[in-house]
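Chemist: Have a peek at target-v2.cif (mmCIF, C-alpha atoms and all ligand atoms).
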```cif
data_work
#
loop_
_atom_site.label_atom_id
_atom_site.label_comp_id
_atom_site.auth_asym_id
_atom_site.auth_seq_id
_atom_site.Cartn_x
_atom_site.Cartn_y
_atom_site.Cartn_z
CA MET A 1 -25.47 -24.07 5.19
CA SER A 2 -26.21 -24.17 8.89
CA PHE A 3 -26.77 -21.01 10.89
CA PHE A 4 -26.65 -20.60 14.63
CA LYS A 5 -27.11 -17.76 17.10
CA ASP A 6 -24.06 -16.83 19.11
CA ILE A 7 -24.08 -15.80 22.77
CA LYS A 8 -25.09 -12.22 21.82
CA GLY A 9 -27.98 -13.47 19.69
CA GLN A 10 -26.21 -12.69 16.40
CA VAL A 11 -26.81 -15.10 13.56
CA ARG A 12 -23.58 -16.77 12.57
CA ASN A 13 -22.82 -18.81 9.53
CA LYS A 14 -21.25 -21.87 11.01
CA SER A 15 -20.28 -23.48 7.76
CA ILE A 16 -18.14 -20.57 6.54
CA ARG A 17 -16.04 -20.73 9.68
CA GLN A 18 -15.55 -24.41 9.11
CA LEU A 19 -14.79 -23.88 5.44
CA VAL A 20 -12.00 -21.32 5.85
CA ALA A 21 -9.25 -23.93 5.93
CA ASN A 22 -10.65 -25.53 2.78
CA PHE A 23 -9.96 -22.53 0.54
CA ARG A 24 -7.05 -23.74 -1.52
CA ASN A 25 -5.78 -22.63 -4.89
CA GLU A 26 -2.90 -23.96 -6.95
CA TYR A 27 -0.60 -21.14 -8.10
CA LEU A 28 0.33 -22.41 -11.55
CA SER A 29 2.86 -20.19 -13.28
CA LYS A 30 6.09 -20.77 -15.14
CA GLY A 31 8.06 -19.08 -12.39
CA ILE A 32 11.01 -16.70 -12.49
CA SER A 33 14.69 -17.38 -13.04
CA GLU A 34 17.48 -15.10 -11.86
CA ASN A 35 18.77 -14.35 -15.36
CA GLU A 36 15.45 -13.15 -16.76
CA LEU A 37 15.11 -10.46 -14.09
CA ASP A 38 16.45 -6.96 -14.52
CA ASP A 39 19.65 -5.92 -12.72
CA ASP A 40 17.77 -2.99 -11.25
CA PRO A 41 14.79 -3.95 -9.07
CA ILE A 42 13.00 -0.66 -9.78
CA ASP A 43 13.10 -1.52 -13.52
CA GLN A 44 11.92 -5.03 -12.65
CA PHE A 45 9.09 -3.54 -10.57
CA GLU A 46 8.12 -1.40 -13.53
CA LYS A 47 7.97 -4.51 -15.76
CA TRP A 48 5.73 -6.36 -13.32
CA PHE A 49 3.57 -3.28 -12.74
CA ASN A 50 3.15 -2.95 -16.49
CA GLU A 51 2.16 -6.62 -16.76
CA SER A 52 -0.43 -6.08 -14.01
CA VAL A 53 -1.87 -3.18 -16.01
CA LYS A 54 -1.88 -5.23 -19.24
CA ASN A 55 -3.62 -8.04 -17.40
CA LYS A 56 -6.28 -5.57 -16.24
CA ILE A 57 -5.67 -6.10 -12.55
CA PRO A 58 -7.99 -3.56 -10.90
CA GLU A 59 -6.00 -0.85 -9.08
CA PRO A 60 -2.56 -2.48 -9.31
CA ASN A 61 -1.25 0.48 -7.26
CA ILE A 62 -2.97 -0.80 -4.11
CA MET A 63 -0.34 -1.72 -1.53
CA ASN A 64 -0.11 -2.48 2.14
CA LEU A 65 2.00 -0.07 4.16
CA SER A 66 3.48 -1.43 7.38
CA THR A 67 4.84 0.89 10.03
CA VAL A 68 6.17 0.33 13.53
CA SER A 69 5.60 2.64 16.48
CA ASN A 70 8.49 3.68 18.71
CA ASP A 71 7.30 1.13 21.28
CA CYS A 72 7.78 -1.59 18.61
CA LYS A 73 4.10 -2.18 17.78
CA PRO A 74 3.54 -2.87 14.08
CA SER A 75 0.48 -1.78 12.11
CA GLY A 76 -0.61 -2.17 8.51
CA ARG A 77 -3.08 -0.50 6.19
CA ILE A 78 -3.75 -0.13 2.47
CA VAL A 79 -2.58 3.01 0.66
CA LEU A 80 -2.18 3.85 -3.01
CA LEU A 81 1.13 4.08 -4.82
CA LYS A 82 1.16 7.42 -6.64
CA GLY A 83 4.59 7.38 -8.23
CA PHE A 84 7.90 5.55 -8.32
CA ASP A 85 11.37 6.09 -9.74
CA GLU A 86 14.99 5.40 -8.79
CA ASN A 87 14.46 7.43 -5.58
CA GLY A 88 11.63 5.28 -4.31
CA PHE A 89 7.90 4.78 -3.97
CA VAL A 90 5.53 7.66 -3.23
CA PHE A 91 2.19 7.65 -1.40
CA TYR A 92 0.05 10.42 0.07
CA THR A 93 -1.55 10.64 3.45
CA ASN A 94 -2.23 12.74 6.52
CA TYR A 95 1.04 13.40 8.37
CA ASP A 96 -0.81 13.46 11.73
CA SER A 97 -2.53 10.11 11.15
CA ARG A 98 -1.45 7.01 13.01
CA LYS A 99 0.86 6.01 10.15
CA GLY A 100 2.15 9.58 9.86
CA SER A 101 3.00 9.72 13.56
CA GLU A 102 4.62 6.30 13.46
CA LEU A 103 6.72 7.28 10.46
CA ALA A 104 7.80 10.46 12.27
CA GLU A 105 8.99 8.31 15.19
CA ASN A 106 10.43 5.45 13.15
CA LYS A 107 11.35 5.95 9.49
CA TYR A 108 11.57 2.19 8.73
CA ALA A 109 8.56 0.93 6.77
CA ALA A 110 7.48 -1.80 4.36
CA LEU A 111 5.23 -1.94 1.31
CA THR A 112 3.54 -5.12 0.04
CA PHE A 113 1.82 -5.52 -3.30
CA LEU A 114 -0.41 -8.48 -4.16
CA TRP A 115 -1.12 -9.06 -7.84
CA HIS A 116 -3.06 -12.20 -7.17
CA GLU A 117 -4.36 -12.81 -10.70
CA LEU A 118 -0.70 -13.26 -11.73
CA TYR A 119 0.22 -15.12 -8.51
CA ARG A 120 2.68 -12.36 -7.66
CA GLN A 121 3.73 -10.51 -4.55
CA VAL A 122 6.33 -7.74 -4.21
CA ARG A 123 7.77 -6.77 -0.82
CA ILE A 124 9.68 -3.54 -0.42
CA GLU A 125 11.47 -2.43 2.74
CA GLY A 126 13.27 0.80 3.41
CA THR A 127 13.07 4.20 5.00
CA VAL A 128 10.63 7.00 4.35
CA GLN A 129 10.90 10.73 4.17
CA LYS A 130 8.43 13.46 3.33
CA ILE A 131 8.52 14.63 -0.26
CA SER A 132 8.83 18.36 -0.99
CA ALA A 133 5.93 20.72 -0.25
CA GLU A 134 5.92 21.68 -3.96
CA GLU A 135 5.42 18.06 -5.05
CA SER A 136 2.67 17.56 -2.47
CA ASP A 137 0.98 20.79 -3.59
CA LYS A 138 1.09 19.65 -7.20
CA TYR A 139 -0.48 16.29 -6.44
CA PHE A 140 -3.03 17.75 -3.99
CA HIS A 141 -4.31 20.18 -6.61
CA SER A 142 -4.51 17.43 -9.24
CA ARG A 143 -7.07 15.55 -7.08
CA PRO A 144 -10.81 15.95 -7.59
CA ARG A 145 -12.17 18.87 -5.52
CA GLY A 146 -14.26 16.49 -3.41
CA SER A 147 -11.15 14.55 -2.38
CA GLN A 148 -9.35 17.80 -1.53
CA LEU A 149 -12.25 18.85 0.73
CA SER A 150 -12.31 15.44 2.42
CA ALA A 151 -8.57 15.65 3.10
CA VAL A 152 -9.06 19.05 4.76
CA ALA A 153 -12.13 17.89 6.71
CA SER A 154 -10.67 14.64 8.01
CA ALA A 155 -8.34 14.65 11.01
CA GLN A 156 -7.37 11.16 9.91
CA SER A 157 -7.19 8.48 12.63
CA ARG A 158 -8.82 10.72 15.28
CA ILE A 159 -12.04 9.69 17.07
CA ILE A 160 -15.05 11.65 15.81
CA PRO A 161 -18.56 11.77 17.29
CA ASP A 162 -20.44 10.52 14.21
CA ARG A 163 -20.69 10.62 10.39
CA ASP A 164 -22.72 13.83 10.56
CA PHE A 165 -19.80 15.66 12.14
CA LEU A 166 -17.66 14.91 9.09
CA GLU A 167 -20.32 15.78 6.53
CA LYS A 168 -21.13 19.09 8.23
CA LYS A 169 -17.44 19.94 8.13
CA VAL A 170 -17.32 19.26 4.39
CA THR A 171 -20.41 21.44 3.83
CA GLU A 172 -18.80 24.29 5.80
CA LEU A 173 -15.58 23.94 3.82
CA GLU A 174 -17.49 23.93 0.51
CA LYS A 175 -18.94 27.33 1.48
CA GLU A 176 -15.62 28.65 2.77
CA PHE A 177 -13.73 27.76 -0.39
CA GLN A 178 -16.49 28.46 -2.90
CA ASP A 179 -14.90 29.83 -6.09
CA ARG A 180 -11.36 29.63 -4.76
CA GLN A 181 -8.54 27.15 -4.63
CA ILE A 182 -8.44 24.87 -1.60
CA PRO A 183 -5.01 25.19 0.01
CA ARG A 184 -3.24 21.92 0.80
CA PRO A 185 -3.28 21.41 4.58
CA ASP A 186 0.24 21.45 6.09
CA ASN A 187 -0.44 18.04 7.61
CA TRP A 188 -1.32 16.37 4.30
CA GLY A 189 1.27 15.29 1.76
CA GLY A 190 3.50 12.64 0.32
CA PHE A 191 6.08 10.26 1.69
CA CYS A 192 8.74 8.54 -0.39
CA LEU A 193 10.00 5.13 0.68
CA SER A 194 13.58 4.58 -0.51
CA PRO A 195 14.09 0.85 -0.81
CA ALA A 196 16.87 -1.12 0.87
CA SER A 197 15.40 -4.44 -0.26
CA ILE A 198 12.85 -5.57 -2.84
CA GLU A 199 11.58 -9.12 -3.17
CA PHE A 200 9.72 -10.57 -6.15
CA TRP A 201 7.57 -13.62 -5.36
CA GLN A 202 6.03 -15.81 -8.01
CA GLY A 203 3.58 -18.52 -6.99
CA ARG A 204 4.22 -22.02 -8.36
CA ALA A 205 2.72 -25.48 -8.16
CA ASN A 206 2.76 -27.38 -4.88
CA ARG A 207 3.67 -24.21 -2.96
CA LEU A 208 7.25 -24.50 -4.30
CA HIS A 209 7.33 -20.82 -5.16
CA ASP A 210 10.10 -18.58 -6.52
CA ARG A 211 11.49 -15.73 -4.42
CA ILE A 212 14.18 -13.41 -5.70
CA GLN A 213 15.33 -10.73 -3.31
CA TYR A 214 17.44 -7.68 -4.14
CA ILE A 215 19.42 -6.08 -1.33
CA LEU A 216 21.30 -2.81 -1.55
CA ASN A 217 24.85 -3.46 -0.31
CA GLU A 218 27.19 -1.01 1.43
CA LYS A 219 28.56 0.11 -1.97
CA ASN A 220 25.02 0.98 -3.05
CA ILE A 221 24.90 -1.91 -5.52
CA TRP A 222 21.86 -4.18 -5.79
CA ILE A 223 22.73 -7.81 -4.94
CA ARG A 224 20.34 -10.55 -6.01
CA GLN A 225 19.66 -13.74 -4.06
CA ARG A 226 17.13 -16.56 -4.13
CA LEU A 227 15.17 -17.32 -0.98
CA ALA A 228 13.47 -20.58 -0.06
CA PRO A 229 9.71 -20.28 -0.42
C1 LIG A 301 -8.17 0.76 -1.54
C2 LIG A 301 -7.73 1.70 -0.44
C3 LIG A 301 -6.93 2.77 -0.76
C4 LIG A 301 -6.52 3.64 0.24
N1 LIG A 301 -5.65 4.66 -0.08
C5 LIG A 301 -5.18 5.46 0.90
C6 LIG A 301 -4.18 6.43 0.62
O1 LIG A 301 -3.63 6.54 -0.50
N2 LIG A 301 -3.78 7.25 1.63
C7 LIG A 301 -4.31 7.14 2.90
O2 LIG A 301 -3.92 7.93 3.77
N3 LIG A 301 -5.23 6.20 3.21
C8 LIG A 301 -5.68 5.36 2.25
N4 LIG A 301 -6.60 4.38 2.55
C9 LIG A 301 -7.12 4.31 3.94
C10 LIG A 301 -6.09 3.59 4.84
O3 LIG A 301 -6.15 2.20 4.62
C11 LIG A 301 -6.32 3.89 6.34
O4 LIG A 301 -7.64 3.57 6.71
C12 LIG A 301 -6.08 5.36 6.69
O5 LIG A 301 -4.98 5.88 5.96
C13 LIG A 301 -5.81 5.52 8.17
O6 LIG A 301 -4.71 4.74 8.55
P1 LIG A 301 -3.90 5.00 9.91
O7 LIG A 301 -4.92 5.30 10.98
O8 LIG A 301 -3.14 3.74 10.17
O9 LIG A 301 -2.98 6.17 9.68
C14 LIG A 301 -6.99 3.47 1.58
C15 LIG A 301 -7.79 2.37 1.89
C16 LIG A 301 -8.15 1.49 0.89
C17 LIG A 301 -8.98 0.29 1.27
#
```
Would you kindly transcribe this structure into structure tokens?
Modeler:
Amino acid sequence: MSFFKDIKGQVRNKSIRQLVANFRNEYLSKGISENELDDDPIDQFEKWFNESVKNKIPEPNIMNLSTVSNDCKPSGRIVLLKGFDENGFVFYTNYDSRKGSELAENKYAALTFLWHELYRQVRIEGTVQKISAEESDKYFHSRPRGSQLSAVASAQSRIIPDRDFLEKKVTELEKEFQDRQIPRPDNWGGFCLSPASIEFWQGRANRLHDRIQYILNEKNIWIRQRLAP
């Protein structure tokens, strides 16, 4: 290992920078064939999700959410999948956050799951809409009290003076809501992404991977196609 000081006097690990390109893993799996996949991609997603759980992948519900602002600037961040069915994929957040504002301006969004231990990726694209206030209430009140308080205290994505500011706010809220239910803030709740396309990616040797994409056609029927890796 060789270390050096950069122009600002910070110690840098030179060798790691040089090593980045050397990280290389073979994705050895038996792959996926069209006929072994379910006709319905939501059912197929459920199968893969289940296999991730069985294979003890930690937090298989972690996904990247990509949004695009109305001036066409994309952004991505991790959120947690909290439910899925034939209507789509549900996550919870602050509606006034950056992602919330972008989704209000542009309903098109994408979700990406990485289940690396199984050499799998799932990409989902579609449009989002807010779920009902009743559903958001139900989920909000199922969360640990500490998480509820944090959701109320945090004006997500806004600049705050320091950590203390946030912690003081939580302490105040603890007092305010002592012995009573914390109401769900109007600006906190769920979104559901209804999919228009879902792609299942399975890593294979020599980077010759399998990609099967489902697209919803104009008759609302899922069409399956294989994409080059
Ligand atoms: C493992 C993990 C799980 C997360 N889950 C959520 C979530 O479910 N909802 C959420 O709003 N933010 C979640 N976050 C935080 C987001 O990544 C992000 O920092 C935050 O939502 C603000 O994003 P925005 O400014 O683009 O709106 C999670 C982050 C990580 C690393």
Chemist: Find the distance between atom CA of A:Ile215 and atom CA of A:Val68 and write it in Å to one decimal.
Modeler: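 Distance reported for this atom pair: 20.9 Å.
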Chemist: Residues at most 6 Å from stretch 148-163 of chain A, counting all atoms listed in the file, excluding those fewer than 6 positions away in the same chain, as a PDB file with C-alpha atoms, keeping the file's coordinate frame?
Modeler:
```pdb
ATOM      1  CA  SER A  97      -2.530  10.110  11.150  1.00  0.00           C
ATOM      2  CA  ARG A  98      -1.450   7.010  13.010  1.00  0.00           C
ATOM      3  CA  LYS A 169     -17.440  19.940   8.130  1.00  0.00           C
ATOM      4  CA  VAL A 170     -17.320  19.260   4.390  1.00  0.00           C
TER       5      VAL A 170
END
```
Chemist: Taking only C-alpha atoms and all ligand atoms into account, which of A:Ala21, A:Ile124, A:Cys192, A:Leu80 comes nearest ligand LIG 301 (chain A)?
Modeler: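 Of A:Ala21, A:Ile124, A:Cys192, A:Leu80, the one nearest ligand LIG 301 (chain A) is A:Leu80, counting only C-alpha atoms and all ligand atoms.
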Chemist: Write out as JSON lines the residues of chain A that have any atom within 7 Å of an atom of ligand LIG 301 (chain A), one row each with the nearest atom pair and its distance in Å to one decimal, counting only C-alpha atoms and all ligand atoms, sorted by chain and then rising number.
Modeler:
```
{"residue": "A:Ile62", "atom": "CA", "partner": "A:LIG301", "partner_atom": "C1", "distance": 6.0}
{"residue": "A:Ser75", "atom": "CA", "partner": "A:LIG301", "partner_atom": "O8", "distance": 6.9}
{"residue": "A:Gly76", "atom": "CA", "partner": "A:LIG301", "partner_atom": "O8", "distance": 6.6}
{"residue": "A:Arg77", "atom": "CA", "partner": "A:LIG301", "partner_atom": "O3", "distance": 4.4}
{"residue": "A:Ile78", "atom": "CA", "partner": "A:LIG301", "partner_atom": "O3", "distance": 4.0}
{"residue": "A:Val79", "atom": "CA", "partner": "A:LIG301", "partner_atom": "N1", "distance": 3.6}
{"residue": "A:Leu80", "atom": "CA", "partner": "A:LIG301", "partner_atom": "O1", "distance": 4.0}
{"residue": "A:Leu81", "atom": "CA", "partner": "A:LIG301", "partner_atom": "O1", "distance": 6.9}
{"residue": "A:Phe91", "atom": "CA", "partner": "A:LIG301", "partner_atom": "O1", "distance": 6.0}
{"residue": "A:Tyr92", "atom": "CA", "partner": "A:LIG301", "partner_atom": "N2", "distance": 5.2}
{"residue": "A:Thr93", "atom": "CA", "partner": "A:LIG301", "partner_atom": "O2", "distance": 3.6}
{"residue": "A:Asn94", "atom": "CA", "partner": "A:LIG301", "partner_atom": "O2", "distance": 5.8}
{"residue": "A:Ser97", "atom": "CA", "partner": "A:LIG301", "partner_atom": "O9", "distance": 4.2}
{"residue": "A:Arg98", "atom": "CA", "partner": "A:LIG301", "partner_atom": "O9", "distance": 3.8}
{"residue": "A:Lys99", "atom": "CA", "partner": "A:LIG301", "partner_atom": "O9", "distance": 3.9}
{"residue": "A:Gly100", "atom": "CA", "partner": "A:LIG301", "partner_atom": "O9", "distance": 6.2}
{"residue": "A:Gln156", "atom": "CA", "partner": "A:LIG301", "partner_atom": "C13", "distance": 6.1}
{"residue": "A:Ser157", "atom": "CA", "partner": "A:LIG301", "partner_atom": "O7", "distance": 4.2}
```
Chemist: How would the residues just chosen look if you wrote them out with C-alpha atoms as a PDB file, in the coordinates of the input?
Modeler:
```pdb
ATOM      1  CA  ILE A  62      -2.970  -0.800  -4.110  1.00  0.00           C
ATOM      2  CA  SER A  75       0.480  -1.780  12.110  1.00  0.00           C
ATOM      3  CA  GLY A  76      -0.610  -2.170   8.510  1.00  0.00           C
ATOM      4  CA  ARG A  77      -3.080  -0.500   6.190  1.00  0.00           C
ATOM      5  CA  ILE A  78      -3.750  -0.130   2.470  1.00  0.00           C
ATOM      6  CA  VAL A  79      -2.580   3.010   0.660  1.00  0.00           C
ATOM      7  CA  LEU A  80      -2.180   3.850  -3.010  1.00  0.00           C
ATOM      8  CA  LEU A  81       1.130   4.080  -4.820  1.00  0.00           C
ATOM      9  CA  PHE A  91       2.190   7.650  -1.400  1.00  0.00           C
ATOM     10  CA  TYR A  92       0.050  10.420   0.070  1.00  0.00           C
ATOM     11  CA  THR A  93      -1.550  10.640   3.450  1.00  0.00           C
ATOM     12  CA  ASN A  94      -2.230  12.740   6.520  1.00  0.00           C
ATOM     13  CA  SER A  97      -2.530  10.110  11.150  1.00  0.00           C
ATOM     14  CA  ARG A  98      -1.450   7.010  13.010  1.00  0.00           C
ATOM     15  CA  LYS A  99       0.860   6.010  10.150  1.00  0.00           C
ATOM     16  CA  GLY A 100       2.150   9.580   9.860  1.00  0.00           C
ATOM     17  CA  GLN A 156      -7.370  11.160   9.910  1.00  0.00           C
ATOM     18  CA  SER A 157      -7.190   8.480  12.630  1.00  0.00           C
TER      19      SER A 157
END
```
Chemist: Given the point (3.5, 0.6, 8.4) in the coordinates of this file, which residues lie within 9 Å, counting all atoms listed in the file, and how would they look as a list in words?
Modeler: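 Looking at atoms near the point gives Asn64, Leu65, Ser66, Thr67, Val68, Ser69, Pro74, Ser75, Gly76, Arg77, Lys99, Glu102, Leu103, Tyr108, Ala109, Ala110 and Leu111 of chain A.
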Chemist: What does the distance between atom CA of A:Arg204 and atom CA of A:Ala228 come to in Å, to one decimal place?
Modeler: 12.5 Å
Chemist: Could you work out an axis-aligned bounding box for all listed atoms of stretch 169-185 of chain A, with 6 Å added on each of the six sides, and give its centre and edge lengths in Å to one decimal, as JSON?
Modeler:
```
{"center_x": -11.8, "center_y": 24.5, "center_z": 1.0, "size_x": 29.2, "size_y": 22.6, "size_z": 26.2}
```
Chemist: Go through A:Ser15, A:Gln181, A:Ser33, A:Thr112 and flag the residue nearest A:Asn61, using only C-alpha atoms for the distances.
Modeler: A:Thr112
Chemist: Take atom CA of A:Pro58 and atom CA of A:Asp85 and report the distance between them in Å, one decimal.
Modeler: 21.7 Å
Chemist: Can you pull out every residue within 12 Å of A:Gln44, counting all atoms listed in the file, but drop anything in the same chain fewer than 3 positions away, and send it as a PDB file with C-alpha atoms, in the coordinates of the input?
Modeler:
```
ATOM      1  CA  ILE A  32      11.010 -16.700 -12.490  1.00  0.00           C
ATOM      2  CA  GLU A  34      17.480 -15.100 -11.860  1.00  0.00           C
ATOM      3  CA  ASN A  35      18.770 -14.350 -15.360  1.00  0.00           C
ATOM      4  CA  GLU A  36      15.450 -13.150 -16.760  1.00  0.00           C
ATOM      5  CA  LEU A  37      15.110 -10.460 -14.090  1.00  0.00           C
ATOM      6  CA  ASP A  38      16.450  -6.960 -14.520  1.00  0.00           C
ATOM      7  CA  ASP A  39      19.650  -5.920 -12.720  1.00  0.00           C
ATOM      8  CA  ASP A  40      17.770  -2.990 -11.250  1.00  0.00           C
ATOM      9  CA  PRO A  41      14.790  -3.950  -9.070  1.00  0.00           C
ATOM     10  CA  LYS A  47       7.970  -4.510 -15.760  1.00  0.00           C
ATOM     11  CA  TRP A  48       5.730  -6.360 -13.320  1.00  0.00           C
ATOM     12  CA  PHE A  49       3.570  -3.280 -12.740  1.00  0.00           C
ATOM     13  CA  ASN A  50       3.150  -2.950 -16.490  1.00  0.00           C
ATOM     14  CA  GLU A  51       2.160  -6.620 -16.760  1.00  0.00           C
ATOM     15  CA  ASP A  85      11.370   6.090  -9.740  1.00  0.00           C
ATOM     16  CA  GLU A  86      14.990   5.400  -8.790  1.00  0.00           C
ATOM     17  CA  VAL A 122       6.330  -7.740  -4.210  1.00  0.00           C
ATOM     18  CA  ILE A 198      12.850  -5.570  -2.840  1.00  0.00           C
ATOM     19  CA  GLU A 199      11.580  -9.120  -3.170  1.00  0.00           C
ATOM     20  CA  PHE A 200       9.720 -10.570  -6.150  1.00  0.00           C
ATOM     21  CA  ILE A 212      14.180 -13.410  -5.700  1.00  0.00           C
ATOM     22  CA  GLN A 213      15.330 -10.730  -3.310  1.00  0.00           C
ATOM     23  CA  TYR A 214      17.440  -7.680  -4.140  1.00  0.00           C
TER      24      TYR A 214
END
```
Chemist: Kindly extract all protein, DNA and RNA residues lying within 10 Å of the coordinates (-3.2, -9.9, -9.6) given in the file, considering all atoms listed in the file, and supply them as an MDAnalysis selection string.
Modeler: chainID A and resid 49 51:53 55:60 113:121
Chemist: Using only C-alpha atoms, which of A:Phe165, A:Phe23, A:Trp188, A:Trp222 sits nearest A:Ile131?
Modeler: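 Under the stated criterion, the closest residue is A:Trp188.
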Chemist: Applying 6 Å and only C-alpha atoms, which residues near stretch 209-211 of chain A remain after dropping the ones on its own chain fewer than 5 positions away? List them as a list in words.
Modeler: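 With the cut-off at 6 Å, the set is Phe200, Trp201, Gln202, Gly203, Arg204, Arg226, Leu227 and Pro229 of chain A.
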